[in-house]
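Dumped start-v1.txt below, it's compact mmCIF, C-alpha atoms:
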# COMPACT_ATOMS: atom_id res chain seq x y z
CA MET A 1 83.80 24.94 4.41
CA SER A 2 83.27 21.22 5.07
CA ARG A 3 83.09 18.62 2.32
CA LEU A 4 79.31 18.36 2.92
CA ASP A 5 78.86 22.13 2.63
CA GLU A 6 80.79 22.09 -0.64
CA LEU A 7 78.62 19.30 -2.06
CA ILE A 8 75.38 21.03 -1.05
CA ALA A 9 76.58 24.36 -2.49
CA GLU A 10 77.51 22.65 -5.74
CA LEU A 11 74.70 20.11 -6.18
CA CYS A 12 71.60 21.39 -4.35
CA PRO A 13 72.08 25.00 -3.23
CA ASP A 14 68.36 25.83 -3.46
CA GLY A 15 67.05 22.76 -1.62
CA VAL A 16 65.97 19.24 -2.53
CA GLU A 17 62.92 17.47 -3.85
CA TYR A 18 60.76 15.39 -1.48
CA LYS A 19 58.87 12.30 -2.59
CA ALA A 20 56.46 9.91 -0.89
CA LEU A 21 58.27 6.83 0.43
CA GLU A 22 56.27 4.49 -1.81
CA GLU A 23 57.55 6.34 -4.89
CA ILE A 24 61.20 5.61 -4.14
CA ALA A 25 61.05 2.30 -2.27
CA SER A 26 58.99 -0.87 -2.10
CA ILE A 27 57.33 -1.51 1.24
CA GLU A 28 56.72 -5.20 1.81
CA LEU A 29 55.16 -6.87 4.81
CA GLY A 30 57.24 -9.63 6.37
CA ARG A 31 55.94 -13.20 6.64
CA ARG A 32 54.73 -14.78 9.83
CA VAL A 33 56.95 -17.36 11.49
CA THR A 34 56.32 -19.05 14.84
CA LYS A 35 58.77 -19.88 17.59
CA ALA A 36 58.01 -23.56 17.03
CA GLU A 37 58.92 -23.22 13.34
CA ILE A 38 62.20 -21.54 14.25
CA ASP A 39 62.97 -24.37 16.68
CA ARG A 40 62.24 -26.97 13.96
CA ASN A 41 64.36 -25.20 11.35
CA PRO A 42 67.41 -23.75 13.13
CA GLY A 43 69.88 -21.86 10.96
CA GLN A 44 72.22 -18.91 10.65
CA TYR A 45 69.73 -16.23 9.62
CA PRO A 46 68.31 -13.91 12.31
CA VAL A 47 64.53 -13.57 12.57
CA TRP A 48 63.40 -9.99 13.09
CA HIS A 49 60.09 -9.37 14.82
CA GLY A 50 59.97 -5.58 15.03
CA GLY A 51 62.42 -5.10 17.92
CA GLU A 52 66.12 -4.37 18.22
CA THR A 53 67.16 -7.99 18.85
CA PRO A 54 66.32 -11.11 16.80
CA MET A 55 63.74 -13.57 18.18
CA GLY A 56 65.85 -16.51 16.99
CA TYR A 57 67.72 -17.93 13.98
CA ILE A 58 66.29 -19.92 11.08
CA ASN A 59 67.51 -21.67 7.91
CA LYS A 60 65.75 -19.45 5.33
CA THR A 61 65.61 -15.79 4.33
CA ASN A 62 63.12 -13.31 2.94
CA CYS A 63 64.93 -10.06 3.75
CA PRO A 64 68.02 -8.97 1.75
CA PRO A 65 70.99 -7.18 3.31
CA TYR A 66 70.93 -3.40 3.76
CA THR A 67 67.21 -3.20 4.38
CA VAL A 68 65.32 -0.82 6.65
CA LEU A 69 62.65 -2.40 8.86
CA VAL A 70 59.74 -0.57 10.48
CA ALA A 71 57.84 -2.35 13.27
CA ASN A 72 54.13 -2.96 12.55
CA THR A 73 53.17 -4.25 16.01
CA GLY A 74 54.62 -4.19 19.50
CA SER A 75 57.12 -1.32 19.40
CA ILE A 76 55.12 0.27 16.59
CA GLY A 77 57.23 2.53 14.38
CA TYR A 78 60.61 1.31 15.66
CA VAL A 79 63.13 1.71 12.82
CA ASN A 80 65.85 -0.91 12.46
CA TRP A 81 68.74 -1.52 10.06
CA ILE A 82 69.49 -5.02 8.76
CA SER A 83 72.92 -5.50 7.18
CA ILE A 84 72.80 -9.27 6.48
CA ASP A 85 70.43 -11.80 4.93
CA SER A 86 67.60 -12.32 7.43
CA TRP A 87 64.00 -13.37 7.92
CA CYS A 88 61.47 -10.59 8.54
CA SER A 89 58.26 -11.63 10.32
CA ASP A 90 54.88 -10.02 9.77
CA ALA A 91 55.54 -7.83 12.83
CA ALA A 92 57.65 -5.58 10.58
CA SER A 93 57.66 -4.06 7.12
CA MET A 94 60.71 -4.17 4.83
CA VAL A 95 61.57 -0.92 3.07
CA ILE A 96 63.70 -1.76 0.02
CA VAL A 97 64.99 1.31 -1.80
CA LYS A 98 65.59 2.14 -5.45
CA LYS A 99 69.35 2.43 -5.21
CA ASP A 100 69.81 4.67 -8.21
CA ILE A 101 68.26 7.61 -6.36
CA LEU A 102 68.34 6.68 -2.68
CA SER A 103 70.87 5.19 -0.27
CA SER A 104 69.23 2.68 2.06
CA ARG A 105 71.52 3.79 4.88
CA PHE A 106 70.56 7.43 4.29
CA LEU A 107 66.91 6.39 4.45
CA TYR A 108 67.57 4.54 7.73
CA HIS A 109 69.09 7.64 9.36
CA PHE A 110 66.26 9.83 8.06
CA LEU A 111 63.45 7.52 9.24
CA LYS A 112 65.25 7.09 12.58
CA SER A 113 65.19 10.86 12.98
CA LYS A 114 61.40 10.77 12.36
CA GLU A 115 60.74 7.72 14.54
CA PHE A 116 58.71 9.75 17.06
CA LYS A 117 56.30 10.80 14.28
CA ILE A 118 56.12 7.32 12.76
CA LYS A 119 55.22 5.81 16.15
CA LYS A 120 52.01 7.86 15.97
CA PHE A 121 50.89 6.10 12.77
CA ARG A 122 48.67 3.71 14.73
CA ARG A 123 45.60 2.07 13.29
CA ILE A 124 42.60 2.88 15.47
CA GLY A 125 40.52 -0.06 16.72
CA GLY A 126 41.37 -3.70 17.44
CA VAL A 127 44.99 -4.74 17.94
CA PRO A 128 47.30 -1.70 17.58
CA THR A 129 49.23 -1.83 14.29
CA LEU A 130 51.17 0.55 12.10
CA GLU A 131 48.97 2.29 9.54
CA LEU A 132 50.98 1.49 6.40
CA ARG A 133 49.08 4.01 4.29
CA LYS A 134 50.65 6.83 6.29
CA LEU A 135 54.11 5.25 6.15
CA ARG A 136 53.86 4.89 2.36
CA SER A 137 52.95 8.56 1.95
CA PHE A 138 55.64 9.82 4.34
CA PRO A 139 57.76 12.52 2.56
CA ILE A 140 61.44 11.68 2.08
CA PRO A 141 64.11 14.22 0.99
CA LEU A 142 66.14 13.29 -2.08
CA PRO A 143 69.46 15.14 -2.13
CA PRO A 144 71.97 13.94 -4.73
CA LEU A 145 73.57 10.58 -3.92
CA GLN A 146 76.95 12.23 -3.25
CA VAL A 147 75.32 14.34 -0.54
CA GLN A 148 73.51 11.32 0.87
CA ARG A 149 76.75 9.34 1.06
CA GLU A 150 78.62 12.15 2.83
CA ILE A 151 75.84 12.50 5.41
CA VAL A 152 75.88 8.73 5.95
CA ARG A 153 79.66 8.80 6.43
CA ILE A 154 79.39 11.50 9.10
CA LEU A 155 76.51 9.86 10.97
CA ASP A 156 77.99 6.36 10.77
CA ASN A 157 81.11 7.64 12.52
CA PHE A 158 78.89 8.43 15.51
CA THR A 159 77.02 5.13 15.43
CA GLU A 160 80.25 3.13 15.09
CA LEU A 161 81.72 4.83 18.14
CA THR A 162 78.53 4.13 20.09
CA ALA A 163 78.65 0.49 18.98
CA GLU A 164 82.27 0.20 20.15
CA LEU A 165 81.38 1.71 23.52
CA THR A 166 78.37 -0.61 23.84
CA ALA A 167 80.56 -3.64 23.10
CA GLU A 168 83.08 -2.45 25.69
CA LEU A 169 80.28 -1.99 28.22
CA THR A 170 79.03 -5.54 27.60
CA ALA A 171 82.54 -6.90 28.14
CA ARG A 172 83.04 -4.82 31.28
CA ARG A 173 79.73 -5.99 32.73
CA LYS A 174 80.69 -9.62 32.18
CA GLN A 175 84.02 -8.91 33.85
CA TYR A 176 82.22 -7.16 36.71
CA GLU A 177 79.86 -10.10 37.23
CA TYR A 178 82.76 -12.55 37.17
CA TYR A 179 84.78 -10.68 39.81
CA ARG A 180 81.67 -9.95 41.89
CA ASP A 181 80.85 -13.66 42.08
CA LEU A 182 84.51 -14.49 42.77
CA LEU A 183 84.84 -11.92 45.56
CA LEU A 184 81.59 -13.03 47.17
CA THR A 185 82.44 -16.74 47.21
CA PHE A 186 83.80 -17.95 50.55
CA GLY A 187 84.95 -21.17 52.12
CA ASP A 188 83.68 -22.81 55.29
CA GLU A 189 86.10 -20.74 57.40
CA VAL A 190 83.90 -17.65 56.99
CA PRO A 191 80.96 -17.54 59.45
CA ARG A 192 77.45 -17.27 58.03
CA VAL A 193 74.38 -15.65 59.57
CA ALA A 194 70.75 -16.39 58.65
CA ILE A 195 68.75 -13.53 57.19
CA ASP A 196 66.21 -13.56 60.02
CA ASP A 197 69.07 -13.27 62.57
CA LEU A 198 70.84 -10.51 60.65
CA PHE A 199 67.88 -8.33 59.69
CA ASN A 200 64.58 -7.06 60.90
CA ILE A 201 62.26 -8.21 58.11
CA ARG A 202 59.14 -6.29 57.09
CA ASN A 203 56.82 -6.35 54.10
CA GLY A 204 56.25 -3.38 51.86
CA TYR A 205 52.74 -2.08 51.25
CA THR A 206 50.72 0.33 49.13
CA PRO A 207 48.70 2.98 51.01
CA SER A 208 45.05 3.01 49.97
CA LYS A 209 44.65 4.77 46.63
CA SER A 210 41.09 5.71 47.56
CA ASN A 211 42.34 7.95 50.37
CA LYS A 212 43.58 11.10 48.63
CA GLU A 213 45.07 12.33 51.89
CA TYR A 214 47.73 9.61 51.63
CA TRP A 215 48.88 10.77 48.19
CA GLU A 216 48.78 14.56 48.53
CA ASN A 217 51.64 16.69 49.84
CA GLY A 218 53.89 13.64 49.95
CA VAL A 219 57.10 13.77 51.98
CA ILE A 220 57.90 10.05 52.36
CA PRO A 221 59.44 8.36 49.29
CA TRP A 222 57.49 5.27 48.19
CA PHE A 223 59.59 2.91 46.08
CA ARG A 224 58.43 0.57 43.32
CA MET A 225 60.20 -1.54 40.71
CA GLU A 226 60.06 1.46 38.35
CA ASP A 227 62.47 3.34 40.63
CA ILE A 228 65.14 0.67 40.18
CA ARG A 229 64.58 0.49 36.43
CA GLU A 230 64.82 4.25 35.99
CA ASN A 231 67.29 5.35 38.66
CA GLY A 232 69.47 2.40 39.61
CA ARG A 233 70.05 0.47 42.80
CA ILE A 234 71.37 3.12 45.22
CA LEU A 235 68.36 5.34 45.91
CA SER A 236 67.46 8.34 48.04
CA ASN A 237 64.61 9.79 45.97
CA ALA A 238 61.52 8.04 44.64
CA LEU A 239 59.31 8.66 41.64
CA GLN A 240 56.32 8.88 44.01
CA TYR A 241 55.88 10.23 47.54
CA VAL A 242 53.17 9.69 50.16
CA SER A 243 52.10 11.76 53.15
CA ILE A 244 53.11 10.95 56.70
CA ASN A 245 49.51 9.87 57.33
CA ALA A 246 50.03 6.92 54.96
CA VAL A 247 52.71 5.38 57.19
CA LYS A 248 51.83 2.39 59.35
CA GLY A 249 53.79 2.95 62.53
CA ARG A 250 57.15 4.27 61.36
CA PRO A 251 58.81 4.48 57.94
CA PHE A 252 61.35 1.84 57.06
CA PRO A 253 64.77 3.05 58.28
CA ALA A 254 67.46 4.52 56.06
CA ASN A 255 70.21 2.16 54.87
CA SER A 256 67.80 -0.72 54.42
CA ILE A 257 67.78 -3.11 51.49
CA ILE A 258 64.65 -3.82 49.47
CA ILE A 259 64.45 -7.08 47.52
CA SER A 260 61.55 -8.18 45.33
CA THR A 261 60.10 -11.49 46.52
CA SER A 262 56.98 -11.60 44.33
CA ALA A 263 56.15 -10.82 40.67
CA THR A 264 59.55 -9.73 39.29
CA ILE A 265 61.83 -11.79 41.51
CA GLY A 266 65.26 -10.95 42.92
CA GLU A 267 65.65 -7.26 42.09
CA HIS A 268 67.13 -5.25 44.93
CA ALA A 269 68.27 -1.77 45.95
CA LEU A 270 69.88 0.04 48.87
CA ILE A 271 67.68 2.86 50.18
CA GLN A 272 69.60 5.67 51.87
CA THR A 273 66.68 7.56 53.41
CA GLU A 274 63.58 6.76 55.47
CA PHE A 275 60.97 5.36 53.10
CA LEU A 276 58.08 3.10 52.21
CA ALA A 277 58.02 0.48 49.44
CA ASN A 278 55.24 -1.44 47.77
CA GLN A 279 54.18 -4.99 48.56
CA ARG A 280 56.45 -6.57 45.93
CA PHE A 281 59.41 -5.86 48.19
CA THR A 282 60.67 -7.42 51.39
CA ILE A 283 62.56 -4.86 53.48
CA LEU A 284 65.77 -5.88 55.24
CA SER A 285 67.01 -3.56 58.03
CA LEU A 286 70.09 -4.48 60.05
CA LYS A 287 69.45 -5.44 63.64
CA ASN A 288 71.20 -3.39 66.31
CA GLU A 289 73.72 -6.12 67.14
CA TYR A 290 74.94 -6.13 63.53
CA GLN A 291 75.27 -2.38 62.98
CA ASP A 292 79.02 -2.77 62.42
CA VAL A 293 78.41 -4.85 59.26
CA ASN A 294 79.04 -2.90 56.05
CA ILE A 295 75.58 -2.47 54.52
CA LYS A 296 77.11 -1.92 51.08
CA TYR A 297 78.73 -5.36 51.33
CA LEU A 298 75.30 -6.85 52.06
CA PHE A 299 73.86 -4.88 49.15
CA TYR A 300 76.37 -6.51 46.80
CA TYR A 301 75.73 -9.93 48.30
CA CYS A 302 72.07 -9.49 47.39
CA TYR A 303 73.03 -10.14 43.77
CA ILE A 304 73.69 -13.72 44.87
CA LEU A 305 70.61 -13.74 47.10
CA GLY A 306 68.53 -12.49 44.17
CA GLU A 307 69.62 -15.42 41.99
CA TRP A 308 68.80 -17.79 44.86
CA CYS A 309 65.33 -16.24 45.08
CA LYS A 310 64.65 -16.95 41.39
CA ASN A 311 65.33 -20.65 41.99
CA ASN A 312 63.36 -20.99 45.23
CA LEU A 313 59.74 -20.16 44.47
CA THR A 314 56.53 -21.44 46.01
CA LEU A 315 54.10 -23.36 43.84
CA GLY A 316 51.04 -21.46 42.65
CA HIS A 317 49.70 -19.12 40.00
CA PHE A 318 51.63 -16.10 41.28
CA ALA A 319 55.43 -16.15 41.43
CA SER A 320 56.71 -15.62 44.97
CA VAL A 321 59.76 -16.64 46.97
CA ASP A 322 59.65 -19.40 49.56
CA MET A 323 59.88 -17.02 52.52
CA VAL A 324 60.46 -19.76 55.11
CA ALA A 325 63.61 -20.80 53.25
CA PHE A 326 64.45 -17.15 52.51
CA LYS A 327 64.64 -16.28 56.19
CA LYS A 328 67.02 -19.20 56.76
CA PHE A 329 69.33 -18.22 53.88
CA ARG A 330 72.79 -17.74 55.37
CA ILE A 331 74.98 -14.80 54.37
CA PRO A 332 78.76 -15.05 54.87
CA LEU A 333 80.25 -12.31 57.07
CA PRO A 334 84.02 -11.98 56.57
CA PRO A 335 85.93 -9.50 58.80
CA LEU A 336 84.93 -5.86 58.38
CA LYS A 337 88.19 -4.92 56.63
CA GLU A 338 87.55 -7.64 54.05
CA GLN A 339 83.99 -6.40 53.57
CA GLU A 340 85.34 -2.88 52.96
CA ARG A 341 87.95 -4.16 50.50
CA ILE A 342 85.28 -6.03 48.53
CA VAL A 343 83.02 -2.97 48.49
CA ALA A 344 85.86 -0.71 47.26
CA ILE A 345 86.61 -3.04 44.32
CA LEU A 346 82.97 -3.54 43.35
CA ASP A 347 82.20 0.17 43.67
CA ARG A 348 84.81 0.89 40.99
CA PHE A 349 83.37 -1.76 38.67
CA ASP A 350 79.82 -0.58 39.34
CA ALA A 351 80.66 3.05 38.58
CA LEU A 352 82.35 2.08 35.31
CA CYS A 353 79.44 -0.13 34.19
CA ASN A 354 76.38 1.65 35.55
CA ASP A 355 77.11 5.26 36.54
CA LEU A 356 75.01 7.55 34.33
CA THR A 357 77.18 10.56 35.21
CA SER A 358 80.75 9.28 34.84
CA GLY A 359 80.94 5.68 33.56
CA ILE A 360 80.69 4.11 30.11
CA PRO A 361 76.86 4.54 30.10
CA ALA A 362 77.37 8.29 30.49
CA GLU A 363 79.75 8.33 27.52
CA ILE A 364 77.31 6.27 25.44
CA GLU A 365 74.48 8.66 26.30
CA ALA A 366 76.64 11.67 25.38
CA ARG A 367 77.58 10.12 22.02
CA GLN A 368 73.93 9.24 21.33
CA LYS A 369 72.84 12.81 22.01
CA GLN A 370 75.63 14.06 19.77
CA TYR A 371 74.52 11.69 17.00
CA GLU A 372 70.87 12.77 17.33
CA TYR A 373 71.84 16.46 17.25
CA TYR A 374 73.89 16.14 14.07
CA ARG A 375 71.40 13.71 12.50
CA ASP A 376 68.55 16.19 12.91
CA LYS A 377 70.74 19.05 11.72
CA LEU A 378 72.11 17.25 8.65
CA LEU A 379 68.79 15.74 7.59
CA SER A 380 66.82 18.99 7.49
CA PHE A 381 66.50 20.17 3.90
CA LYS A 382 64.71 23.02 2.25
CA GLU A 383 62.11 21.62 -0.17
CA VAL A 384 62.02 22.63 -3.81
CA LYS A 385 59.33 21.58 -6.22
CA ALA A 386 60.27 19.24 -9.05

Starting from the coordinates I provided, produce the structure as structure tokens.
Amino acid sequence: MSRLDELIAELCPDGVEYKALEEIASIELGRRVTKAEIDRNPGQYPVWHGGETPMGYINKTNCPPYTVLVANTGSIGYVNWISIDSWCSDAASMVIVKKDILSSRFLYHFLKSKEFKIKKFRRIGGVPTLELRKLRSFPIPLPPLQVQREIVRILDNFTELTAELTAELTARRKQYEYYRDLLLTFGDEVPRVAIDDLFNIRNGYTPSKSNKEYWENGVIPWFRMEDIRENGRILSNALQYVSINAVKGRPFPANSIIISTSATIGEHALIQTEFLANQRFTILSLKNEYQDVNIKYLFYYCYILGEWCKNNLTLGHFASVDMVAFKKFRIPLPPLKEQERIVAILDRFDALCNDLTSGIPAEIEARQKQYEYYRDKLLSFKEVKA
């Protein structure tokens, strides 16, 4: 029998009492602070605005350490844990516990396990906000403090491991970016070829939504920014498909690169099948005379091209790349063996940093699922009446 099983058998074998959150904790709305005020009063204390990262740092506090925050607006219902003195804006509520009966860290894990339910506590009408009345009445289990502390110890072991892996991933990604930029920097001895000489350039498009025939029985993948965000930068399958009747002429050829040149600028992907893409993307397909160039090398070089795109926009209300200059952008073409060497190195870095099946992200996801499984299992208690 585990230590937790022993404690439960000894201290609460028949279940635990539940109480409304407002009975065991004070729930206080944060105080509004503007970005301008933060800029005028810089300091060491993070300003929390309902999300997982601070919106800045200020020289005053209103939120004590070891406080649970619940987002009131934006990511409504998001549960966060604050371990240091901070400032809480009016976009979040501070939940400050009565420590003689409830561990704040235990409460954090419990509310995190119920985050999906809390996100539904939306006030109807006007600007969406958290309905605090429902949060205040939310039932919270109250096992003995010894049981709470043991559950916290177990769950914190999972979160600490995830935090370590996340920190390692951040470091690896910085290392990856450093070596990628280093490997893709060349001297004047390496020949360069303009984009419009190297590629056939076409614009993406969206088939008419009013023509149902285009969107039924789809067989041609149609890529959007959402595909990159959800599935990465090497793609063969899309989130949406269109029928062959939606194609103007022929689909874009396999092993083409898409790069966003309007709206969200500079994002790119390598498409490994025939496809269509929406109008945010410019499609780059190698010309016949350059078929011996390693397309994966060009894919990696598009990280540099993407940064160039962000700094070379046309004037106007809608962000778009200066396409005249874009077509003249010159890409260095080292010998094929050097291209292959660069690709082999960057492939290893990319797999470590981004692969959802074998790299650090896969390990983080596995640990997160493990944490959620044990969290839900350990925080389910039979209720007994007081």

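Take the candidates A:Ile304, A:Leu276, A:Leu4, A:Ala9 and check each one against Arg180 in chain A using only C-alpha atoms; the shortest distance goes to A:Ile304.
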
Find the axis-aligned box for range 364-381 of chain A, covering all its listed atoms and adding 6 Å on each side, and write its centre and edge lengths in Å to one decimal as lines of an AutoDock Vina configuration file.
center_x = 72.0
center_y = 13.2
center_z = 15.1
size_x = 23.1
size_y = 25.9
size_z = 34.4

Closest of A:Trp222, A:Phe275, A:Tyr214, A:Phe281 to Arg202 in chain A, counting all atoms listed in the file, is A:Phe281

Please return, as an mmCIF file with C-alpha atoms, keeping the file's coordinate frame, all polymer residues that have at least one atom within 10 Å of the point (79.8, 18.8, 0.7); use all atoms listed in the file and the file's own coordinate frame.
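And here's result.cif as it stands now:
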data_model
loop_
_atom_site.group_PDB
_atom_site.id
_atom_site.type_symbol
_atom_site.label_atom_id
_atom_site.label_comp_id
_atom_site.auth_asym_id
_atom_site.auth_seq_id
_atom_site.Cartn_x
_atom_site.Cartn_y
_atom_site.Cartn_z
ATOM 1 C CA MET A 1 83.800 24.940 4.410
ATOM 2 C CA SER A 2 83.270 21.220 5.070
ATOM 3 C CA ARG A 3 83.090 18.620 2.320
ATOM 4 C CA LEU A 4 79.310 18.360 2.920
ATOM 5 C CA ASP A 5 78.860 22.130 2.630
ATOM 6 C CA GLU A 6 80.790 22.090 -0.640
ATOM 7 C CA LEU A 7 78.620 19.300 -2.060
ATOM 8 C CA ILE A 8 75.380 21.030 -1.050
ATOM 9 C CA ALA A 9 76.580 24.360 -2.490
ATOM 10 C CA GLU A 10 77.510 22.650 -5.740
ATOM 11 C CA LEU A 11 74.700 20.110 -6.180
ATOM 12 C CA CYS A 12 71.600 21.390 -4.350
ATOM 13 C CA GLN A 146 76.950 12.230 -3.250
ATOM 14 C CA VAL A 147 75.320 14.340 -0.540
ATOM 15 C CA GLN A 148 73.510 11.320 0.870
ATOM 16 C CA ARG A 149 76.750 9.340 1.060
ATOM 17 C CA GLU A 150 78.620 12.150 2.830
ATOM 18 C CA ILE A 151 75.840 12.500 5.410
#

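Note that the spacing between CA of Pro207 in chain A and CA of Leu284 in chain A amounts to 19.7 Å.
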
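If only C-alpha atoms are the atoms counted, then among A:Phe326, A:Tyr371, A:Phe199, A:Phe223 the closest residue to Leu298 in chain A is A:Phe199.
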
Do you have the CA of Lys327 in chain A-CA of Asn312 in chain A distance handy?
12.0 Å

Please provide the set of residues having any atom within 12 Å of Leu135 in chain A, restricted to all atoms listed in the file, with same-chain residues fewer than 4 positions apart removed, written as a ChimeraX atom specification.
/A:20-23,25-28,69-72,76-77,79,93-95,111,114-115,117-123,129-131,139-140

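Checking A:Phe186, A:Trp48, A:Phe116, A:Tyr18 one by one against Phe138 in chain A, counting all atoms listed in the file, you find the shortest gap at A:Tyr18.
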
Quick one: pull the distance between CA of Thr61 in chain A and CA of Asn157 in chain A, Å, one decimal.
29.3 Å

Selection: 12 Å around Thr53 in chain A, only C-alpha atoms, excl. self and same-chain fewer than 3 positions, as a list in words:
Pro46, Val47, Trp48, His49, Gly50, Gly56, Tyr57, Tyr78, Asn80, Trp81 and Ile82 of chain A

Within 9 Å of Pro251 in chain A using all atoms listed in the file, minus same-chain residues under 3 positions, as a PyMOL selection string:
chain A and resi 220+244+247-248+254+274-276

Go ahead and save the residues from that selection, with C-alpha atoms, as a CSV table (one decimal), keeping the file's coordinate frame.
chain,number,residue,atom,x,y,z
A,220,ILE,CA,57.9,10.0,52.4
A,244,ILE,CA,53.1,11.0,56.7
A,247,VAL,CA,52.7,5.4,57.2
A,248,LYS,CA,51.8,2.4,59.4
A,254,ALA,CA,67.5,4.5,56.1
A,274,GLU,CA,63.6,6.8,55.5
A,275,PHE,CA,61.0,5.4,53.1
A,276,LEU,CA,58.1,3.1,52.2

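Distances here use all atoms listed in the file; by that measure, the residue among A:Asp156, A:Asp227, A:Asp376, A:Glu168 closest to Ile360 in chain A is A:Glu168.
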
Need to verify the contact set: Phe158 in chain A, 10 Å, only C-alpha atoms, exclusion of same-chain residues closer than 5 positions in sequence. Can you return it as a VMD selection string?
chain A and resid 153 163 367 to 372 374 to 375

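Among A:Leu286, A:Ala362, A:Leu184, A:Val193, the residue with the shortest atom-to-atom distance to Ile345 in chain A, counting only C-alpha atoms, is A:Leu184.
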
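Near range 305-311 of chain A, within 9 Å and counting all atoms listed in the file, sit Ile259, Ser260, Thr261, Ile265, Gly266, Glu267, His268, Tyr301, Cys302, Ser320, Val321, Asp322, Phe326, Phe329 and Ile331 of chain A, not including residues fewer than 3 positions from it in the same chain.
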